[in-house]
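Q: Here it is, the structure, as structure tokens.
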Amino acid sequence: QRAARADAPALPGALADGTPIPLLANLGSAAAAPEAAALGAEGVGLFRTEFLFLDAAEAPSVDAQQEQYTRLLAAFPGRKVVVRVLDAGADKPLAFLDASEEPNPALGLRGLRSLRVSEQILRDQLTALARADAATDARLEVMAPMVATVEETRYFTGLARELGIRVAGVMVETPAAALIADRILAVADFASIGTNDLTQYTMAADRLLGSVAGLQDPWHPAVLRLIGEVGTAGAVLGKPVGICGEAAADPLLAAVLVGLGATSLSMSPSALADVRASLAGITRDDAERMAKAALAADGAAEARAAAASERPASG
Ligand code: PEP
Ligand code: MG
């Protein structure tokens, strides 16, 4: 099976009962696209556009952006490609979108908040994305980072649609967004859960700080419960709920995330094969049982052990 993976596109992600769970790639450059496709990515679940402009002193032009996005979309004909608008601030500073000095950058003007203050940068990015979409035949979806309110969701999806984006969603990275996912998904076309930030904000533990790294663990049942809120809202409203944080790359946790209602998983391409194999060994019932056991646990380690003990033995 290992040899087959290397030469041929891998099978689409699916549970043992046939339920499709698309397995997508997290990318930071168009140059990484061919390798992701070779590793079996069915599309892109998170394209981090800020990585393109880390060294830029000034905001990139519409034309320069259009060229980059066209290269990305052209690498995935017919496939879903989810692009995140610039997520500047805190752990990802951009010179041209820098907030003034803040005591708590992770709680400050970052992500969509900072784009609203510099709205022309957001307008230019959405325009470049819409033009690249028109020039290629990938299925472009665009999402905003660091959303906490329905009003922000309305602002972003409204502007995106005005500028020609056909599918507009938001990331769920704050506990606020998870708790009101039913209201947010009434407005947005989809949600994508960023488990890195959702864990940081739920556990109140800086993701950059080694001294609290033990709390930066998406297995914590508090984090899992919030993910479950989003999954339930998505199922009720018939809207997709993806996962694009590091949690999706953990084969056992990937099964739990599906049990909590995730409809697709996006990860670094090197994790795709193991997650695909893990999901192929369980049914939806298994995933839901594993999720229920993890939700009822007292802590992260206990949740992992509980999920593992509910997982059917691989044959
Ligand atoms: C996340 O927060 O989980 C996420 C996917 O975004 P980033 O890691 O780029 O903040
Ligand atoms: Mg994030």
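Every chain in the structure tokens takes a letter, A first, then B, and so on in the order presented; its residues are numbered from 1, and the ligands are numbered from 1 following the presented order.
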Distance limit 8 Å, reference ligand 1, atoms considered: only C-alpha atoms and all ligand atoms. Which residues make the cut? Give them as a PDB file with N, CA and C atoms, in the first residue's frame.
A:
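Output below, filename part-v2.pdb:
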```pdb
ATOM      1  N   LEU A  46      -6.937  24.884   3.680  1.00  0.00           N
ATOM      2  CA  LEU A  46      -6.444  26.139   4.275  1.00  0.00           C
ATOM      3  C   LEU A  46      -5.235  26.598   3.488  1.00  0.00           C
ATOM      4  N   ARG A  48      -2.802  29.634   3.596  1.00  0.00           N
ATOM      5  CA  ARG A  48      -2.471  30.755   4.485  1.00  0.00           C
ATOM      6  C   ARG A  48      -1.829  31.866   3.655  1.00  0.00           C
ATOM      7  N   ASP A  87      -4.243  36.812   7.634  1.00  0.00           N
ATOM      8  CA  ASP A  87      -4.385  36.648   9.086  1.00  0.00           C
ATOM      9  C   ASP A  87      -3.164  37.279   9.742  1.00  0.00           C
ATOM     10  N   ASP A  91       0.960  35.899  16.281  1.00  0.00           N
ATOM     11  CA  ASP A  91       2.051  35.031  15.839  1.00  0.00           C
ATOM     12  C   ASP A  91       2.406  35.227  14.367  1.00  0.00           C
ATOM     13  N   LYS A  92       1.616  36.028  13.600  1.00  0.00           N
ATOM     14  CA  LYS A  92       1.890  36.204  12.170  1.00  0.00           C
ATOM     15  C   LYS A  92       1.908  37.697  11.795  1.00  0.00           C
ATOM     16  N   PRO A 145     -10.295  34.777   9.076  1.00  0.00           N
ATOM     17  CA  PRO A 145      -9.800  34.300  10.369  1.00  0.00           C
ATOM     18  C   PRO A 145     -10.272  35.183  11.528  1.00  0.00           C
ATOM     19  N   GLU A 173     -12.387  30.094  15.510  1.00  0.00           N
ATOM     20  CA  GLU A 173     -11.121  30.063  16.262  1.00  0.00           C
ATOM     21  C   GLU A 173     -11.305  30.640  17.648  1.00  0.00           C
ATOM     22  N   ILE A 193     -12.900  25.068  11.398  1.00  0.00           N
ATOM     23  CA  ILE A 193     -12.435  25.241  12.774  1.00  0.00           C
ATOM     24  C   ILE A 193     -10.909  25.251  12.811  1.00  0.00           C
ATOM     25  N   GLY A 194     -10.351  26.341  13.298  1.00  0.00           N
ATOM     26  CA  GLY A 194      -8.905  26.442  13.483  1.00  0.00           C
ATOM     27  C   GLY A 194      -8.598  25.998  14.904  1.00  0.00           C
ATOM     28  N   THR A 195      -8.222  24.745  15.048  1.00  0.00           N
ATOM     29  CA  THR A 195      -8.087  24.198  16.403  1.00  0.00           C
ATOM     30  C   THR A 195      -6.871  24.752  17.151  1.00  0.00           C
ATOM     31  N   ASN A 196      -5.893  25.309  16.411  1.00  0.00           N
ATOM     32  CA  ASN A 196      -4.736  25.873  17.121  1.00  0.00           C
ATOM     33  C   ASN A 196      -5.169  27.082  17.948  1.00  0.00           C
ATOM     34  N   ASP A 197      -5.848  28.011  17.272  1.00  0.00           N
ATOM     35  CA  ASP A 197      -6.311  29.183  18.007  1.00  0.00           C
ATOM     36  C   ASP A 197      -7.494  28.858  18.911  1.00  0.00           C
ATOM     37  N   LEU A 198      -8.391  27.974  18.462  1.00  0.00           N
ATOM     38  CA  LEU A 198      -9.534  27.651  19.330  1.00  0.00           C
ATOM     39  C   LEU A 198      -9.040  27.062  20.660  1.00  0.00           C
ATOM     40  N   ILE A 243     -12.207  21.104   9.470  1.00  0.00           N
ATOM     41  CA  ILE A 243     -11.209  21.339  10.530  1.00  0.00           C
ATOM     42  C   ILE A 243      -9.902  21.631   9.818  1.00  0.00           C
ATOM     43  N   CYS A 244      -9.227  22.719  10.197  1.00  0.00           N
ATOM     44  CA  CYS A 244      -7.962  23.012   9.520  1.00  0.00           C
ATOM     45  C   CYS A 244      -6.819  23.271  10.490  1.00  0.00           C
ATOM     46  N   GLY A 245      -7.020  23.034  11.790  1.00  0.00           N
ATOM     47  CA  GLY A 245      -5.912  23.164  12.738  1.00  0.00           C
ATOM     48  C   GLY A 245      -5.139  21.850  12.830  1.00  0.00           C
ATOM     49  N   GLU A 246      -4.076  21.876  13.615  1.00  0.00           N
ATOM     50  CA  GLU A 246      -3.194  20.704  13.730  1.00  0.00           C
ATOM     51  C   GLU A 246      -3.931  19.460  14.214  1.00  0.00           C
TER      52      GLU A 246
END
```
Q: Sorted by chain and rising residue number, which residues of range 122-229 of chain A lie within 12 Å of range 274-292 of chain A, and what are their closest atom pairs and distances in Å to one decimal, counting only C-alpha atoms, as JSON lines?
A:
```
{"residue": "A:Trp219", "atom": "CA", "partner": "A:Ala291", "partner_atom": "CA", "distance": 10.6}
{"residue": "A:Pro221", "atom": "CA", "partner": "A:Ala291", "partner_atom": "CA", "distance": 9.9}
{"residue": "A:Leu224", "atom": "CA", "partner": "A:Ala291", "partner_atom": "CA", "distance": 8.4}
{"residue": "A:Arg225", "atom": "CA", "partner": "A:Ala291", "partner_atom": "CA", "distance": 9.6}
{"residue": "A:Ile227", "atom": "CA", "partner": "A:Ala291", "partner_atom": "CA", "distance": 10.6}
{"residue": "A:Gly228", "atom": "CA", "partner": "A:Ala291", "partner_atom": "CA", "distance": 8.9}
```
Q: Write out as a ChimeraX atom specification which residues come within 10 Å of Met146 in chain A when counting only C-alpha atoms, dropping same-chain ones fewer than 3 positions away.
A: /A:87-88,106-107,109-114,149,152,170-174,177,194,197-198
Q: I need the chosen residues saved as a short mmCIF file (atom, residue, chain, number, x, y, z; two decimals), in the first residue's frame, with N, CA and C atoms.
A:
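This is the output file part03.cif:
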```
data_model
loop_
_atom_site.label_atom_id
_atom_site.label_comp_id
_atom_site.auth_asym_id
_atom_site.auth_seq_id
_atom_site.Cartn_x
_atom_site.Cartn_y
_atom_site.Cartn_z
N ASP A 87 -4.24 36.81 7.63
CA ASP A 87 -4.38 36.65 9.09
C ASP A 87 -3.16 37.28 9.74
N ALA A 88 -3.19 38.60 9.85
CA ALA A 88 -2.04 39.31 10.40
C ALA A 88 -2.22 39.53 11.89
N ALA A 106 -2.46 38.66 20.91
CA ALA A 106 -3.38 37.58 20.53
C ALA A 106 -4.83 37.97 20.79
N LEU A 107 -5.02 38.95 21.66
CA LEU A 107 -6.38 39.41 21.97
C LEU A 107 -6.67 40.76 21.32
N LEU A 109 -5.92 43.54 17.73
CA LEU A 109 -6.37 43.81 16.37
C LEU A 109 -5.69 42.83 15.44
N ARG A 110 -6.25 41.67 15.28
CA ARG A 110 -5.62 40.67 14.40
C ARG A 110 -6.69 40.03 13.52
N GLY A 111 -6.22 39.31 12.50
CA GLY A 111 -7.14 38.62 11.61
C GLY A 111 -8.11 39.59 10.97
N LEU A 112 -9.38 39.21 10.91
CA LEU A 112 -10.39 40.06 10.26
C LEU A 112 -10.48 41.43 10.91
N ARG A 113 -10.20 41.49 12.22
CA ARG A 113 -10.29 42.79 12.90
C ARG A 113 -9.35 43.80 12.27
N SER A 114 -8.12 43.38 11.96
CA SER A 114 -7.17 44.35 11.40
C SER A 114 -7.49 44.63 9.93
N THR A 149 -18.12 37.27 16.09
CA THR A 149 -19.52 37.71 16.16
C THR A 149 -20.26 37.44 14.85
N GLU A 152 -19.55 40.37 12.43
CA GLU A 152 -18.32 40.22 11.64
C GLU A 152 -18.54 39.25 10.48
N VAL A 170 -16.37 31.38 7.39
CA VAL A 170 -15.52 31.94 8.44
C VAL A 170 -14.82 30.82 9.20
N MET A 171 -13.70 31.18 9.79
CA MET A 171 -13.01 30.24 10.67
C MET A 171 -13.63 30.35 12.06
N VAL A 172 -13.72 29.23 12.71
CA VAL A 172 -14.14 29.21 14.11
C VAL A 172 -12.87 29.01 14.93
N GLU A 173 -12.39 30.09 15.51
CA GLU A 173 -11.12 30.06 16.26
C GLU A 173 -11.30 30.64 17.65
N THR A 174 -12.47 31.20 17.91
CA THR A 174 -12.74 31.77 19.23
C THR A 174 -13.88 30.97 19.87
N ALA A 177 -17.30 32.26 18.75
CA ALA A 177 -17.81 31.79 17.45
C ALA A 177 -18.36 30.38 17.57
N GLY A 194 -10.35 26.34 13.30
CA GLY A 194 -8.90 26.44 13.48
C GLY A 194 -8.60 26.00 14.90
N ASP A 197 -5.85 28.01 17.27
CA ASP A 197 -6.31 29.18 18.01
C ASP A 197 -7.49 28.86 18.91
N LEU A 198 -8.39 27.97 18.46
CA LEU A 198 -9.53 27.65 19.33
C LEU A 198 -9.04 27.06 20.66
#
```
Q: Enumerate as an MDAnalysis selection string all residues of range 9-250 of chain A assigned to helix (DSSP H, G or I) by DSSP on the backbone, naming them with the chain letters and numbers the document uses.
A: chainID A and resid 30:38 49:53 62:74 95:97 105:107 112:117 119:135 150:162 175:179 181:187 195:203 210:215 221:237 246:249
Q: Those same residues, written as an mmCIF file, in the first residue's frame with C-alpha atoms?
A:
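Final output, saved to again.cif:
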```cif
data_model
loop_
_atom_site.group_PDB
_atom_site.id
_atom_site.type_symbol
_atom_site.label_atom_id
_atom_site.label_comp_id
_atom_site.auth_asym_id
_atom_site.auth_seq_id
_atom_site.Cartn_x
_atom_site.Cartn_y
_atom_site.Cartn_z
ATOM 1 C CA ALA A 30 1.452 27.558 -4.576
ATOM 2 C CA ALA A 31 4.826 25.860 -5.036
ATOM 3 C CA ALA A 32 3.797 23.258 -2.450
ATOM 4 C CA ALA A 33 0.679 22.286 -4.427
ATOM 5 C CA PRO A 34 2.097 19.516 -6.674
ATOM 6 C CA GLU A 35 3.592 17.670 -3.714
ATOM 7 C CA ALA A 36 0.306 17.935 -1.805
ATOM 8 C CA ALA A 37 -1.575 16.524 -4.787
ATOM 9 C CA ALA A 38 0.953 13.690 -5.080
ATOM 10 C CA THR A 49 -2.103 33.842 2.274
ATOM 11 C CA GLU A 50 -0.132 35.822 4.847
ATOM 12 C CA PHE A 51 2.831 33.473 4.228
ATOM 13 C CA LEU A 52 3.110 34.945 0.711
ATOM 14 C CA PHE A 53 3.702 38.424 2.072
ATOM 15 C CA VAL A 62 -4.199 43.233 -6.968
ATOM 16 C CA ASP A 63 -2.166 42.073 -9.989
ATOM 17 C CA ALA A 64 0.624 40.547 -7.906
ATOM 18 C CA GLN A 65 -1.896 38.701 -5.783
ATOM 19 C CA GLN A 66 -3.940 37.564 -8.757
ATOM 20 C CA GLU A 67 -0.836 35.934 -10.219
ATOM 21 C CA GLN A 68 -0.135 33.989 -7.015
ATOM 22 C CA TYR A 69 -3.745 32.843 -6.568
ATOM 23 C CA THR A 70 -4.045 31.829 -10.214
ATOM 24 C CA ARG A 71 -0.982 29.593 -9.821
ATOM 25 C CA LEU A 72 -2.524 27.972 -6.770
ATOM 26 C CA LEU A 73 -5.974 27.413 -8.274
ATOM 27 C CA ALA A 74 -4.526 26.116 -11.542
ATOM 28 C CA ALA A 95 4.643 44.944 8.190
ATOM 29 C CA PHE A 96 1.873 46.530 6.110
ATOM 30 C CA LEU A 97 -0.928 45.448 8.431
ATOM 31 C CA PRO A 105 -1.475 40.877 20.609
ATOM 32 C CA ALA A 106 -3.379 37.578 20.529
ATOM 33 C CA LEU A 107 -6.384 39.414 21.966
ATOM 34 C CA LEU A 112 -10.387 40.058 10.263
ATOM 35 C CA ARG A 113 -10.289 42.788 12.904
ATOM 36 C CA SER A 114 -7.173 44.345 11.404
ATOM 37 C CA LEU A 115 -8.419 43.914 7.816
ATOM 38 C CA ARG A 116 -11.524 45.914 8.686
ATOM 39 C CA VAL A 117 -9.351 48.785 9.827
ATOM 40 C CA GLU A 119 -10.458 47.676 4.362
ATOM 41 C CA GLN A 120 -8.842 48.498 1.023
ATOM 42 C CA ILE A 121 -6.327 45.689 1.619
ATOM 43 C CA LEU A 122 -9.201 43.260 2.142
ATOM 44 C CA ARG A 123 -11.038 44.588 -0.931
ATOM 45 C CA ASP A 124 -7.916 44.179 -3.070
ATOM 46 C CA GLN A 125 -7.373 40.643 -1.850
ATOM 47 C CA LEU A 126 -10.967 39.586 -2.510
ATOM 48 C CA THR A 127 -10.840 41.210 -5.951
ATOM 49 C CA ALA A 128 -7.630 39.347 -6.811
ATOM 50 C CA LEU A 129 -9.162 36.080 -5.613
ATOM 51 C CA ALA A 130 -12.354 36.576 -7.635
ATOM 52 C CA ARG A 131 -10.307 37.303 -10.763
ATOM 53 C CA ALA A 132 -8.122 34.227 -10.246
ATOM 54 C CA ASP A 133 -11.283 32.175 -9.735
ATOM 55 C CA ALA A 134 -12.730 33.421 -13.010
ATOM 56 C CA ALA A 135 -9.510 32.499 -14.825
ATOM 57 C CA VAL A 150 -22.415 37.328 13.726
ATOM 58 C CA GLU A 151 -21.909 40.951 12.734
ATOM 59 C CA GLU A 152 -18.319 40.218 11.637
ATOM 60 C CA THR A 153 -19.586 37.215 9.712
ATOM 61 C CA ARG A 154 -22.177 39.379 7.922
ATOM 62 C CA TYR A 155 -19.539 41.999 7.169
ATOM 63 C CA PHE A 156 -17.110 39.504 5.656
ATOM 64 C CA THR A 157 -19.517 37.353 3.685
ATOM 65 C CA GLY A 158 -21.330 40.465 2.406
ATOM 66 C CA LEU A 159 -18.139 42.113 1.172
ATOM 67 C CA ALA A 160 -16.826 38.861 -0.329
ATOM 68 C CA ARG A 161 -20.032 38.311 -2.297
ATOM 69 C CA GLU A 162 -20.103 41.958 -3.396
ATOM 70 C CA PRO A 175 -14.976 30.164 21.851
ATOM 71 C CA ALA A 176 -17.501 32.927 21.063
ATOM 72 C CA ALA A 177 -17.811 31.793 17.454
ATOM 73 C CA ALA A 178 -18.163 28.154 18.492
ATOM 74 C CA LEU A 179 -20.880 28.923 21.027
ATOM 75 C CA ALA A 181 -22.113 28.603 15.509
ATOM 76 C CA ASP A 182 -25.807 28.141 14.760
ATOM 77 C CA ARG A 183 -26.195 31.904 14.211
ATOM 78 C CA ILE A 184 -22.900 32.220 12.337
ATOM 79 C CA LEU A 185 -23.729 29.333 10.017
ATOM 80 C CA ALA A 186 -27.104 30.873 9.264
ATOM 81 C CA VAL A 187 -25.057 33.614 7.531
ATOM 82 C CA THR A 195 -8.087 24.198 16.403
ATOM 83 C CA ASN A 196 -4.736 25.873 17.121
ATOM 84 C CA ASP A 197 -6.311 29.183 18.007
ATOM 85 C CA LEU A 198 -9.534 27.651 19.330
ATOM 86 C CA THR A 199 -7.420 25.702 21.840
ATOM 87 C CA GLN A 200 -5.343 28.776 22.728
ATOM 88 C CA TYR A 201 -8.429 30.868 23.429
ATOM 89 C CA THR A 202 -10.456 28.155 25.143
ATOM 90 C CA MET A 203 -7.653 27.171 27.494
ATOM 91 C CA GLY A 210 6.385 26.802 26.204
ATOM 92 C CA SER A 211 5.519 27.174 29.873
ATOM 93 C CA VAL A 212 1.813 26.592 29.147
ATOM 94 C CA ALA A 213 2.250 24.145 26.258
ATOM 95 C CA GLY A 214 0.578 21.402 28.266
ATOM 96 C CA LEU A 215 -2.685 23.328 28.039
ATOM 97 C CA PRO A 221 -12.781 18.077 26.551
ATOM 98 C CA ALA A 222 -13.540 21.819 26.795
ATOM 99 C CA VAL A 223 -12.169 22.227 23.269
ATOM 100 C CA LEU A 224 -13.937 19.081 22.056
ATOM 101 C CA ARG A 225 -17.262 20.321 23.414
ATOM 102 C CA LEU A 226 -16.926 23.576 21.487
ATOM 103 C CA ILE A 227 -16.068 21.661 18.315
ATOM 104 C CA GLY A 228 -19.157 19.543 18.936
ATOM 105 C CA GLU A 229 -21.306 22.711 19.082
ATOM 106 C CA VAL A 230 -20.099 23.680 15.633
ATOM 107 C CA GLY A 231 -20.583 20.176 14.249
ATOM 108 C CA THR A 232 -24.143 20.046 15.552
ATOM 109 C CA ALA A 233 -24.969 23.478 14.093
ATOM 110 C CA GLY A 234 -23.547 22.438 10.730
ATOM 111 C CA ALA A 235 -25.586 19.235 10.687
ATOM 112 C CA VAL A 236 -28.817 21.045 11.623
ATOM 113 C CA LEU A 237 -28.310 23.729 8.959
ATOM 114 C CA GLU A 246 -3.194 20.704 13.730
ATOM 115 C CA ALA A 247 -5.775 18.506 15.459
ATOM 116 C CA ALA A 248 -6.869 17.107 12.091
ATOM 117 C CA ALA A 249 -3.396 15.618 11.563
#
```
Q: Quick one: distance from CA of Leu94 in chain A to CA of Leu54 in chain A in Å, one decimal?
A: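 So the answer is 5.8 Å.
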Q: Between CA of Glu302 in chain A and CA of Asp206 in chain A, what is the spacing in Å?
A: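 Atom-to-atom, CA of Asp206 in chain A and CA of Glu302 in chain A are spaced 22.5 Å apart.
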